[in-house]
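Asker: Take this structure first; my questions come after.
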Amino acid sequence: MYREEAVDAALLGGIAGRMCATHEPLGAYAGAHRLNYLFVDRNEVVRLTADRESPEISQSVASEYPLFDWHEREMCDTHGVALAGLPNPRAMFIGAGEVPAALTVEGKGVTVIVVGPVHAGIIEPGRFTMSSGGETVIHLDAQLSYSRRGVEGFLQGRPALAAAWHVSRICAACSVARSWAYARALEQLGGVACDERSEWARVVFAELERIYNHLFDLASSAAGAGYGYGQTRGLGLKERAHEICNAAGGHRMLFDAIVPGGVRAGTLRDPEDLRRSVAVLRGDVVSYIDELFGNRSVTARFEGTGYVSPETARAFGAVGPARRASGGDIDLRSYVSYGAYRARPPALARETGGDAAARARIKRAELFESFALVDGALAELGRHAPPAPATVEVGYGAMTTVIEGPRGTESVSVECDELGVLERVHVISASYRNWPTVLRAMEGNIVPDFPLVNKSFNLCYACADR
């Protein structure tokens, strides 16, 4: 369910702050005509809105709720929004070739260490500035946007249905989750409900995406702990998962597997054969997991590294496995159940350790739950491939939808005119939401812990640099 509530601009900050006590905050953005703060609870997604042109200046919420910091700074950078009391007024994004100064600690004995933006691999650019006393990190600052593409501005003015192709390619690692969120938004605007077989097919694609991402995360964590064999073996299993994705959806990264109205025609042609392939992969993943978690040298390296308290996780807006590893209990698949998850909600994986070990255990548990979900969904399909997608006619309206992606909450907000043309589309990825928590996780760790802490979250750059 979706609810929109319009308030006076002068009251927006105060009301948004109070909403944080009763709802899970999702972030904020500047729409075509209004400022928007997003929340979710078990019953609904709520969008608080206020007129952008109001002479009253809205109060920043980030001073009390730090998770809004990036969102409010983005509104200021990209839409010239003025907010009173913004605690961190520096530019969010790199502009005109100028990189905003990093936030560092000053004092006797403090050393500043800069990593990036060019890294010793093929990952995308980002600059990380550590302030350390000796080897202990006091503060970590991150600056992304070196590859910012301006996707949202590019999509403005385009037909909403045609834009689905571009939305699915904002980031490869969470293409299914974002495509599903976007498709649900257009379907709700068009009054279209997917048939049962398409909903089960969507679960197959979403859980295959979760499987290869969690395998990648565990392999990357092994690399961060200096365990090359664990990395190589995990990456081999991830490659096999991609081959299954290609057979199931026609693309290794599952681009366009989910489209408005259902799933792409021609996908999941042989559910029973796919079910057998997934079962074989699961057996080999069990062997890998047993070996990885049975290696005491590796698990000891995970333990205590990158600790995030429950209070910090909530304050800075952690989502997904990162939040559930610090005592969180929100998995959108069951918290605001959607699609076929209503018939088969997943078991909640929850840890309280808050460290790299807890994040790895969450992903281990979710891997096996994903295999069970894929098997169950394919059993529901039996010998029958899903039908071609239903026709969706998008008209005037606004909608925000949320999906539980591999790294947590993926949200898409759309605003369309009477002809179904996008006046505004805004994407908030789980990685964008989790990056500020990574910075907190490094505090109190030693500098050589950074690769492991970073990879225990294993966040995307591309969807943050949309």
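Order determines the names: the first chain of the structure tokens is A, the second B, and so forth; residues in each chain are numbered 1 upward, and ligands are numbered 1 upward as they are shown.
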Got a sec: who's within 12 Å of segment 251-254 of chain A, counting only C-alpha atoms, leaving out chain neighbours fewer than 5 positions off, as a ChimeraX atom specification?

Answerer: /A:165,168-180,202,204-213,238-246,259,263-264,266-268

Asker: Please provide the set of residues having any atom within 8 Å of Pro87 of chain A, restricted to only C-alpha atoms, with same-chain residues fewer than 2 positions apart removed, written as a PDB file with N, CA and C atoms, in the first residue's frame.

Answerer:
```
ATOM      1  N   SER A  60      16.377  20.857   7.970  1.00  0.00           N
ATOM      2  CA  SER A  60      17.104  19.616   7.730  1.00  0.00           C
ATOM      3  C   SER A  60      16.756  18.585   8.797  1.00  0.00           C
ATOM      4  N   ALA A  62      18.752  15.746   8.902  1.00  0.00           N
ATOM      5  CA  ALA A  62      20.001  15.012   9.091  1.00  0.00           C
ATOM      6  C   ALA A  62      20.697  15.327  10.405  1.00  0.00           C
ATOM      7  N   SER A  63      20.444  16.517  10.977  1.00  0.00           N
ATOM      8  CA  SER A  63      21.114  16.850  12.240  1.00  0.00           C
ATOM      9  C   SER A  63      20.704  15.898  13.351  1.00  0.00           C
ATOM     10  N   ASP A  69      21.683  12.469   5.678  1.00  0.00           N
ATOM     11  CA  ASP A  69      22.755  13.381   5.290  1.00  0.00           C
ATOM     12  C   ASP A  69      23.013  13.356   3.781  1.00  0.00           C
ATOM     13  N   GLY A  85      19.720  24.505   8.782  1.00  0.00           N
ATOM     14  CA  GLY A  85      20.378  23.653   9.762  1.00  0.00           C
ATOM     15  C   GLY A  85      21.039  22.422   9.189  1.00  0.00           C
ATOM     16  N   PRO A  89      27.234  20.876   5.107  1.00  0.00           N
ATOM     17  CA  PRO A  89      26.865  21.614   3.892  1.00  0.00           C
ATOM     18  C   PRO A  89      27.819  21.432   2.712  1.00  0.00           C
TER      19      PRO A  89
END
```

Asker: Near Arg323 of chain A, counting only C-alpha atoms, which residues have an atom at most 6 Å away, once you skip same-chain residues fewer than 5 positions from it, shown as a ChimeraX atom specification?

Answerer: /A:313,318,328

Asker: Write out, as an mmCIF file, in the first residue's frame, the residues just selected, with C-alpha atoms.

Answerer:
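That gives us out14.cif:
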```cif
data_model
loop_
_atom_site.group_PDB
_atom_site.id
_atom_site.type_symbol
_atom_site.label_atom_id
_atom_site.label_comp_id
_atom_site.auth_asym_id
_atom_site.auth_seq_id
_atom_site.Cartn_x
_atom_site.Cartn_y
_atom_site.Cartn_z
ATOM 1 C CA ALA A 313 23.181 0.783 12.115
ATOM 2 C CA ALA A 318 21.943 0.491 7.230
ATOM 3 C CA GLY A 328 17.876 -5.576 12.766
#
```

Asker: Between A:Arg466, A:Arg440, A:Arg42, A:Arg184, single out the one closest to Ala315 of chain A, counting only C-alpha atoms.

Answerer: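 Checking each of A:Arg466, A:Arg440, A:Arg42, A:Arg184 against Ala315 of chain A, counting only C-alpha atoms, the winner is A:Arg440.
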
Asker: Pick the closest to Val336 of chain A from A:Leu103, A:Val45, A:Ala142, A:Val7: which is it, counting only C-alpha atoms?

Answerer: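 The answer is A:Val45, which sits nearest to Val336 of chain A.
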
Asker: Out of A:Arg197, A:Ser326, A:Thr129, A:Pro100, which residue has the shortest atom-to-atom distance to Val112 of chain A when counting only C-alpha atoms?

Answerer: A:Thr129

Asker: Contacts of Asn434 of chain A at 12 Å or less, counting only C-alpha atoms, minus same-chain residues fewer than 4 places along, as a PyMOL selection string?

Answerer: chain A and resi 26-27+67-68+70+142+308+312-323+407-410+428-430+438-441+454+456-461+463-464

Asker: Just to be explicit: take each residue in the selection above, keep N, CA and C atoms, and write the result as a compact mmCIF listing (two decimals), in the first residue's frame.

Answerer:
```
# COMPACT_ATOMS: atom_id res chain seq x y z
N LEU A 26 13.45 5.83 4.70
CA LEU A 26 14.06 5.33 3.47
C LEU A 26 14.96 6.35 2.78
N GLY A 27 14.82 7.63 3.12
CA GLY A 27 15.61 8.66 2.45
C GLY A 27 14.74 9.80 1.98
N LEU A 67 21.10 9.43 8.79
CA LEU A 67 20.88 8.69 7.55
C LEU A 67 20.40 9.58 6.42
N PHE A 68 19.83 10.76 6.73
CA PHE A 68 19.36 11.67 5.70
C PHE A 68 20.47 12.56 5.14
N TRP A 70 23.29 12.19 3.22
CA TRP A 70 23.58 12.12 1.79
C TRP A 70 22.39 12.57 0.96
N ALA A 142 34.37 9.04 2.81
CA ALA A 142 34.27 8.49 1.45
C ALA A 142 33.75 9.55 0.50
N VAL A 308 29.62 -2.80 14.04
CA VAL A 308 28.58 -1.77 13.92
C VAL A 308 27.53 -2.08 14.98
N THR A 312 24.09 2.43 15.88
CA THR A 312 24.75 3.04 14.73
C THR A 312 24.11 2.59 13.42
N ALA A 313 23.79 1.31 13.34
CA ALA A 313 23.18 0.78 12.12
C ALA A 313 21.87 1.50 11.81
N ARG A 314 21.06 1.74 12.82
CA ARG A 314 19.80 2.43 12.58
C ARG A 314 20.02 3.91 12.30
N ALA A 315 20.89 4.55 13.07
CA ALA A 315 21.09 5.99 12.92
C ALA A 315 21.59 6.35 11.52
N PHE A 316 22.45 5.50 10.96
CA PHE A 316 23.03 5.82 9.66
C PHE A 316 22.33 5.11 8.50
N GLY A 317 21.22 4.42 8.80
CA GLY A 317 20.36 3.92 7.74
C GLY A 317 20.80 2.63 7.09
N ALA A 318 21.55 1.77 7.81
CA ALA A 318 21.94 0.49 7.23
C ALA A 318 20.71 -0.34 6.88
N VAL A 319 20.80 -1.10 5.81
CA VAL A 319 19.69 -1.94 5.36
C VAL A 319 20.23 -3.32 4.98
N GLY A 320 19.31 -4.26 4.82
CA GLY A 320 19.67 -5.58 4.33
C GLY A 320 20.53 -6.37 5.30
N PRO A 321 21.41 -7.25 4.78
CA PRO A 321 22.29 -8.04 5.65
C PRO A 321 23.11 -7.20 6.62
N ALA A 322 23.53 -6.00 6.19
CA ALA A 322 24.31 -5.13 7.08
C ALA A 322 23.51 -4.75 8.32
N ARG A 323 22.24 -4.49 8.16
CA ARG A 323 21.39 -4.12 9.29
C ARG A 323 21.03 -5.35 10.12
N ARG A 407 21.56 -6.46 -1.22
CA ARG A 407 22.20 -5.65 -0.19
C ARG A 407 21.19 -4.90 0.67
N GLY A 408 19.90 -5.11 0.41
CA GLY A 408 18.88 -4.46 1.23
C GLY A 408 17.87 -3.69 0.41
N THR A 409 17.35 -2.63 1.00
CA THR A 409 16.22 -1.90 0.42
C THR A 409 16.60 -1.17 -0.86
N GLU A 410 15.90 -1.53 -1.94
CA GLU A 410 15.98 -0.80 -3.21
C GLU A 410 14.64 -0.09 -3.39
N ILE A 428 16.98 5.03 -5.14
CA ILE A 428 17.87 4.96 -3.98
C ILE A 428 18.24 3.50 -3.80
N SER A 429 19.51 3.21 -3.98
CA SER A 429 19.96 1.82 -3.90
C SER A 429 20.34 1.45 -2.48
N ALA A 430 20.41 0.15 -2.24
CA ALA A 430 20.86 -0.35 -0.94
C ALA A 430 22.30 0.06 -0.68
N VAL A 438 29.48 1.88 6.39
CA VAL A 438 30.84 1.37 6.19
C VAL A 438 31.85 2.32 6.84
N LEU A 439 31.61 3.60 6.71
CA LEU A 439 32.54 4.58 7.27
C LEU A 439 32.59 4.48 8.78
N ARG A 440 31.45 4.24 9.40
CA ARG A 440 31.40 4.09 10.86
C ARG A 440 32.04 2.76 11.28
N ALA A 441 31.92 1.74 10.44
CA ALA A 441 32.44 0.42 10.78
C ALA A 441 33.96 0.41 10.89
N ASN A 454 35.51 -3.28 4.23
CA ASN A 454 34.85 -2.85 3.01
C ASN A 454 34.17 -4.03 2.31
N SER A 456 33.26 -6.86 3.54
CA SER A 456 32.20 -7.52 4.31
C SER A 456 30.84 -6.88 4.03
N PHE A 457 30.85 -5.65 3.50
CA PHE A 457 29.63 -5.01 2.99
C PHE A 457 29.53 -5.22 1.48
N ASN A 458 30.67 -5.04 0.78
CA ASN A 458 30.80 -5.28 -0.66
C ASN A 458 29.75 -4.50 -1.46
N LEU A 459 29.80 -3.19 -1.30
CA LEU A 459 28.78 -2.34 -1.91
C LEU A 459 29.14 -1.94 -3.34
N CYS A 460 28.12 -1.50 -4.07
CA CYS A 460 28.29 -1.06 -5.45
C CYS A 460 28.71 0.41 -5.48
N TYR A 461 29.48 0.77 -6.49
CA TYR A 461 29.75 2.15 -6.81
C TYR A 461 28.74 2.67 -7.84
N CYS A 463 25.56 2.12 -8.68
CA CYS A 463 24.22 2.59 -8.37
C CYS A 463 24.28 3.81 -7.45
N ALA A 464 25.38 3.99 -6.73
CA ALA A 464 25.55 5.24 -5.97
C ALA A 464 25.91 6.38 -6.89
```

Asker: Quick one: residues within 9 Å of Tyr307 of chain A, only C-alpha atoms counted, chain neighbours fewer than 6 positions away excluded, as a PyMOL selection string?

Answerer: chain A and resi 326+353-356+440-445+453

Asker: What would the file look like if the residues just selected were written as a PDB file, in the first residue's frame with N, CA and C atoms?

Answerer:
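Listed below is the output, result15.pdb:
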```pdb
ATOM      1  N   SER A 326      23.432  -6.564  12.687  1.00  0.00           N
ATOM      2  CA  SER A 326      23.529  -5.743  13.898  1.00  0.00           C
ATOM      3  C   SER A 326      22.200  -5.725  14.647  1.00  0.00           C
ATOM      4  N   GLY A 353      26.005  -9.874  16.389  1.00  0.00           N
ATOM      5  CA  GLY A 353      27.434  -9.599  16.557  1.00  0.00           C
ATOM      6  C   GLY A 353      27.885  -8.290  15.952  1.00  0.00           C
ATOM      7  N   GLY A 354      27.284  -7.877  14.828  1.00  0.00           N
ATOM      8  CA  GLY A 354      27.586  -6.592  14.215  1.00  0.00           C
ATOM      9  C   GLY A 354      28.936  -6.486  13.532  1.00  0.00           C
ATOM     10  N   ASP A 355      29.683  -7.590  13.428  1.00  0.00           N
ATOM     11  CA  ASP A 355      31.019  -7.540  12.832  1.00  0.00           C
ATOM     12  C   ASP A 355      31.031  -8.250  11.482  1.00  0.00           C
ATOM     13  N   ALA A 356      32.226  -8.362  10.889  1.00  0.00           N
ATOM     14  CA  ALA A 356      32.341  -9.024   9.587  1.00  0.00           C
ATOM     15  C   ALA A 356      31.880 -10.466   9.664  1.00  0.00           C
ATOM     16  N   ARG A 440      31.453   4.245   9.403  1.00  0.00           N
ATOM     17  CA  ARG A 440      31.404   4.085  10.859  1.00  0.00           C
ATOM     18  C   ARG A 440      32.045   2.755  11.283  1.00  0.00           C
ATOM     19  N   ALA A 441      31.919   1.742  10.440  1.00  0.00           N
ATOM     20  CA  ALA A 441      32.441   0.417  10.779  1.00  0.00           C
ATOM     21  C   ALA A 441      33.956   0.411  10.888  1.00  0.00           C
ATOM     22  N   MET A 442      34.636   1.346  10.219  1.00  0.00           N
ATOM     23  CA  MET A 442      36.097   1.376  10.262  1.00  0.00           C
ATOM     24  C   MET A 442      36.636   2.036  11.513  1.00  0.00           C
ATOM     25  N   GLU A 443      35.826   2.799  12.206  1.00  0.00           N
ATOM     26  CA  GLU A 443      36.317   3.527  13.377  1.00  0.00           C
ATOM     27  C   GLU A 443      36.746   2.549  14.471  1.00  0.00           C
ATOM     28  N   GLY A 444      37.971   2.705  14.958  1.00  0.00           N
ATOM     29  CA  GLY A 444      38.509   1.821  15.986  1.00  0.00           C
ATOM     30  C   GLY A 444      39.220   0.606  15.445  1.00  0.00           C
ATOM     31  N   ASN A 445      39.171   0.393  14.133  1.00  0.00           N
ATOM     32  CA  ASN A 445      39.914  -0.695  13.503  1.00  0.00           C
ATOM     33  C   ASN A 445      41.283  -0.194  13.055  1.00  0.00           C
ATOM     34  N   VAL A 453      36.851  -4.940   6.050  1.00  0.00           N
ATOM     35  CA  VAL A 453      35.644  -4.214   6.456  1.00  0.00           C
ATOM     36  C   VAL A 453      34.840  -3.830   5.216  1.00  0.00           C
TER      37      VAL A 453
END
```

Asker: When you look at segment 384-394 of chain A with a cut-off of 10 Å (counting only C-alpha atoms), what residues show up, excluding the ones that are within fewer than 6 positions of it in the same chain? I need them as JSON, numbers by chain.

Answerer: {"A": [159, 160, 161, 183, 185, 186, 187, 188, 189, 190, 191, 192, 193, 194, 195, 196, 197, 198, 199, 200, 201, 202, 258, 259, 260, 261, 262, 263, 264, 265, 266, 267, 268, 269, 270, 271, 272, 378, 416, 417, 418, 419, 420, 421, 422]}

Asker: Could you write out that same residue set with C-alpha atoms as a short mmCIF file (atom, residue, chain, number, x, y, z; two decimals), in the first residue's frame?

Answerer:
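Saved to again_10.cif:
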```cif
data_model
loop_
_atom_site.label_atom_id
_atom_site.label_comp_id
_atom_site.auth_asym_id
_atom_site.auth_seq_id
_atom_site.Cartn_x
_atom_site.Cartn_y
_atom_site.Cartn_z
CA PRO A 159 8.05 7.47 -21.78
CA ALA A 160 7.97 5.54 -18.51
CA LEU A 161 7.63 2.15 -20.20
CA ALA A 183 7.85 -2.45 -12.75
CA ALA A 185 5.56 1.31 -9.62
CA LEU A 186 4.31 1.42 -13.21
CA GLU A 187 1.92 -1.49 -12.65
CA GLN A 188 0.35 0.26 -9.67
CA LEU A 189 -0.02 3.48 -11.66
CA GLY A 190 -1.59 1.49 -14.48
CA GLY A 191 -3.83 -0.66 -12.27
CA VAL A 192 -2.24 -3.92 -13.47
CA ALA A 193 -1.76 -7.04 -11.32
CA CYS A 194 0.62 -9.78 -12.46
CA ASP A 195 -0.60 -13.33 -12.81
CA GLU A 196 0.53 -16.01 -10.33
CA ARG A 197 3.08 -17.71 -12.60
CA SER A 198 4.79 -14.40 -13.38
CA GLU A 199 5.03 -13.64 -9.67
CA TRP A 200 6.74 -16.99 -9.01
CA ALA A 201 9.06 -16.34 -11.94
CA ARG A 202 10.00 -12.98 -10.43
CA ILE A 258 11.56 -8.52 -15.02
CA VAL A 259 9.61 -6.01 -17.09
CA PRO A 260 6.45 -3.97 -16.48
CA GLY A 261 3.53 -6.40 -16.64
CA GLY A 262 5.45 -9.55 -15.70
CA VAL A 263 8.64 -11.17 -16.97
CA ARG A 264 10.24 -11.00 -20.39
CA ALA A 265 8.72 -13.37 -22.94
CA GLY A 266 10.79 -16.51 -23.50
CA THR A 267 12.32 -16.72 -20.03
CA LEU A 268 12.25 -19.86 -17.85
CA ARG A 269 11.39 -22.09 -20.79
CA ASP A 270 12.24 -25.30 -18.91
CA PRO A 271 11.66 -24.82 -15.16
CA GLU A 272 12.32 -28.48 -14.34
CA LEU A 378 10.26 -23.52 -9.89
CA CYS A 416 4.38 10.68 -14.52
CA ASP A 417 2.24 13.08 -16.52
CA GLU A 418 -1.07 12.24 -18.21
CA LEU A 419 0.71 10.67 -21.19
CA GLY A 420 2.84 8.34 -19.06
CA VAL A 421 5.97 10.43 -19.55
CA LEU A 422 8.44 10.65 -16.67
#
```

Asker: Which value, in Å to one decimal, gives the distance between atom CA of Ser297 of chain A and atom CA of Ala225 of chain A?

Answerer: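 Straight-line distance from atom CA of Ser297 of chain A to atom CA of Ala225 of chain A works out to 9.0 Å.
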
Asker: Within 8 Å of Phe93 of chain A, counting only C-alpha atoms, which residues qualify if same-chain residues fewer than 5 places away don't, as a list in words?

Answerer: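 Residues near the query, excluding close chain neighbours: Glu74, Asp77, Val99, Pro100, Gln143, Leu144 and Ser145 of chain A.
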
Asker: Emit the selected residues as a PDB file, in the first residue's frame, including C-alpha atoms.

Answerer:
```pdb
ATOM      1  CA  GLU A  74      22.084  15.526  -2.955  1.00  0.00           C
ATOM      2  CA  ASP A  77      23.615  19.730  -5.109  1.00  0.00           C
ATOM      3  CA  VAL A  99      36.633  17.329  -5.663  1.00  0.00           C
ATOM      4  CA  PRO A 100      35.182  18.515  -2.334  1.00  0.00           C
ATOM      5  CA  GLN A 143      33.842  10.484  -1.731  1.00  0.00           C
ATOM      6  CA  LEU A 144      32.194   8.816  -4.707  1.00  0.00           C
ATOM      7  CA  SER A 145      30.647  10.295  -7.908  1.00  0.00           C
TER       8      SER A 145
END
```

Asker: Name the residues of segment 281-443 of chain A that fall into strand (DSSP E or B) according to DSSP on the backbone, using the chain letters and numbers of this document, as a PyMOL selection string.

Answerer: chain A and resi 397-405+408-416+421-428

Asker: Could you save those same residues with N, CA and C atoms as a compact mmCIF listing (two decimals), in the first residue's frame?

Answerer:
```txt
# COMPACT_ATOMS: atom_id res chain seq x y z
N GLY A 397 0.35 10.29 -12.27
CA GLY A 397 0.42 9.90 -10.87
C GLY A 397 1.85 9.79 -10.37
N ALA A 398 1.98 9.55 -9.06
CA ALA A 398 3.27 9.36 -8.40
C ALA A 398 3.21 8.08 -7.61
N MET A 399 4.35 7.39 -7.51
CA MET A 399 4.38 6.12 -6.81
C MET A 399 5.81 5.84 -6.33
N THR A 400 5.91 5.27 -5.14
CA THR A 400 7.19 4.78 -4.62
C THR A 400 7.00 3.32 -4.24
N THR A 401 7.91 2.46 -4.69
CA THR A 401 7.86 1.05 -4.33
C THR A 401 9.22 0.62 -3.79
N VAL A 402 9.20 -0.44 -2.98
CA VAL A 402 10.42 -0.95 -2.37
C VAL A 402 10.54 -2.44 -2.62
N ILE A 403 11.77 -2.90 -2.74
CA ILE A 403 12.09 -4.31 -2.96
C ILE A 403 13.30 -4.65 -2.09
N GLU A 404 13.36 -5.87 -1.58
CA GLU A 404 14.53 -6.34 -0.84
C GLU A 404 15.54 -6.91 -1.83
N GLY A 405 16.57 -6.13 -2.15
CA GLY A 405 17.63 -6.60 -3.02
C GLY A 405 18.69 -7.35 -2.23
N GLY A 408 19.90 -5.11 0.41
CA GLY A 408 18.88 -4.46 1.23
C GLY A 408 17.87 -3.69 0.41
N THR A 409 17.35 -2.63 1.00
CA THR A 409 16.22 -1.90 0.42
C THR A 409 16.60 -1.17 -0.86
N GLU A 410 15.90 -1.53 -1.94
CA GLU A 410 15.98 -0.80 -3.21
C GLU A 410 14.64 -0.09 -3.39
N SER A 411 14.68 1.21 -3.59
CA SER A 411 13.43 1.95 -3.80
C SER A 411 13.48 2.72 -5.10
N VAL A 412 12.31 2.82 -5.73
CA VAL A 412 12.17 3.60 -6.96
C VAL A 412 10.94 4.49 -6.81
N SER A 413 11.11 5.77 -7.07
CA SER A 413 10.00 6.72 -7.05
C SER A 413 9.82 7.28 -8.45
N VAL A 414 8.58 7.28 -8.94
CA VAL A 414 8.29 7.81 -10.26
C VAL A 414 7.18 8.85 -10.17
N GLU A 415 7.26 9.84 -11.03
CA GLU A 415 6.22 10.84 -11.18
C GLU A 415 5.96 10.97 -12.68
N CYS A 416 4.73 10.69 -13.09
CA CYS A 416 4.38 10.68 -14.52
C CYS A 416 3.30 11.69 -14.84
N VAL A 421 4.59 9.97 -19.39
CA VAL A 421 5.97 10.43 -19.55
C VAL A 421 6.54 10.78 -18.19
N LEU A 422 7.81 10.42 -17.96
CA LEU A 422 8.44 10.65 -16.67
C LEU A 422 8.73 12.12 -16.44
N GLU A 423 8.12 12.68 -15.42
CA GLU A 423 8.50 14.01 -14.95
C GLU A 423 9.67 13.90 -13.99
N ARG A 424 9.76 12.78 -13.30
CA ARG A 424 10.86 12.56 -12.36
C ARG A 424 10.93 11.08 -12.04
N VAL A 425 12.12 10.54 -12.00
CA VAL A 425 12.35 9.19 -11.46
C VAL A 425 13.54 9.29 -10.52
N HIS A 426 13.41 8.69 -9.35
CA HIS A 426 14.50 8.74 -8.38
C HIS A 426 14.74 7.34 -7.84
N VAL A 427 15.99 6.95 -7.86
CA VAL A 427 16.40 5.62 -7.42
C VAL A 427 17.29 5.77 -6.19
N ILE A 428 16.98 5.03 -5.14
CA ILE A 428 17.87 4.96 -3.98
C ILE A 428 18.24 3.50 -3.80
```

Asker: Considering only C-alpha atoms, tabulate each residue of segment 349-431 of chain A that lies at most 8 Å from segment 274-291 of chain A along with its nearest interatomic pair and the corresponding distance in Å to one decimal; arrange the rows by chain and ascending residue number and present them as a tab-separated table.

Answerer:
```
residue	atom	partner	partner_atom	distance
A:Arg364	CA	A:Ile289	CA	7.3
A:Phe368	CA	A:Arg282	CA	7.9
A:Phe371	CA	A:Arg282	CA	6.9
A:Val374	CA	A:Arg275	CA	7.9
A:Asp375	CA	A:Arg275	CA	6.1
A:Leu378	CA	A:Arg275	CA	6.4
A:Ala379	CA	A:Arg275	CA	7.9
```

Asker: Write a file of the just-selected residues containing C-alpha atoms, as a tab-separated table (two decimals), in the first residue's frame.

Answerer:
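The resulting selection-v8.tsv:
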```tsv
chain	number	residue	atom	x	y	z
A	364	ARG	CA	25.39	-17.91	4.55
A	368	PHE	CA	20.44	-21.50	1.63
A	371	PHE	CA	18.11	-21.92	-2.88
A	374	VAL	CA	14.17	-20.87	-6.08
A	375	ASP	CA	13.39	-24.56	-5.81
A	378	LEU	CA	10.26	-23.52	-9.89
A	379	ALA	CA	8.15	-26.32	-8.43
```

Asker: I need the residue nearest Gly95 of chain A from this list: A:Val81, A:Gly224, A:Ser147, A:Ala300. Use only C-alpha atoms for the distance.

Answerer: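 Closest to Gly95 of chain A of all the choices is A:Ser147.
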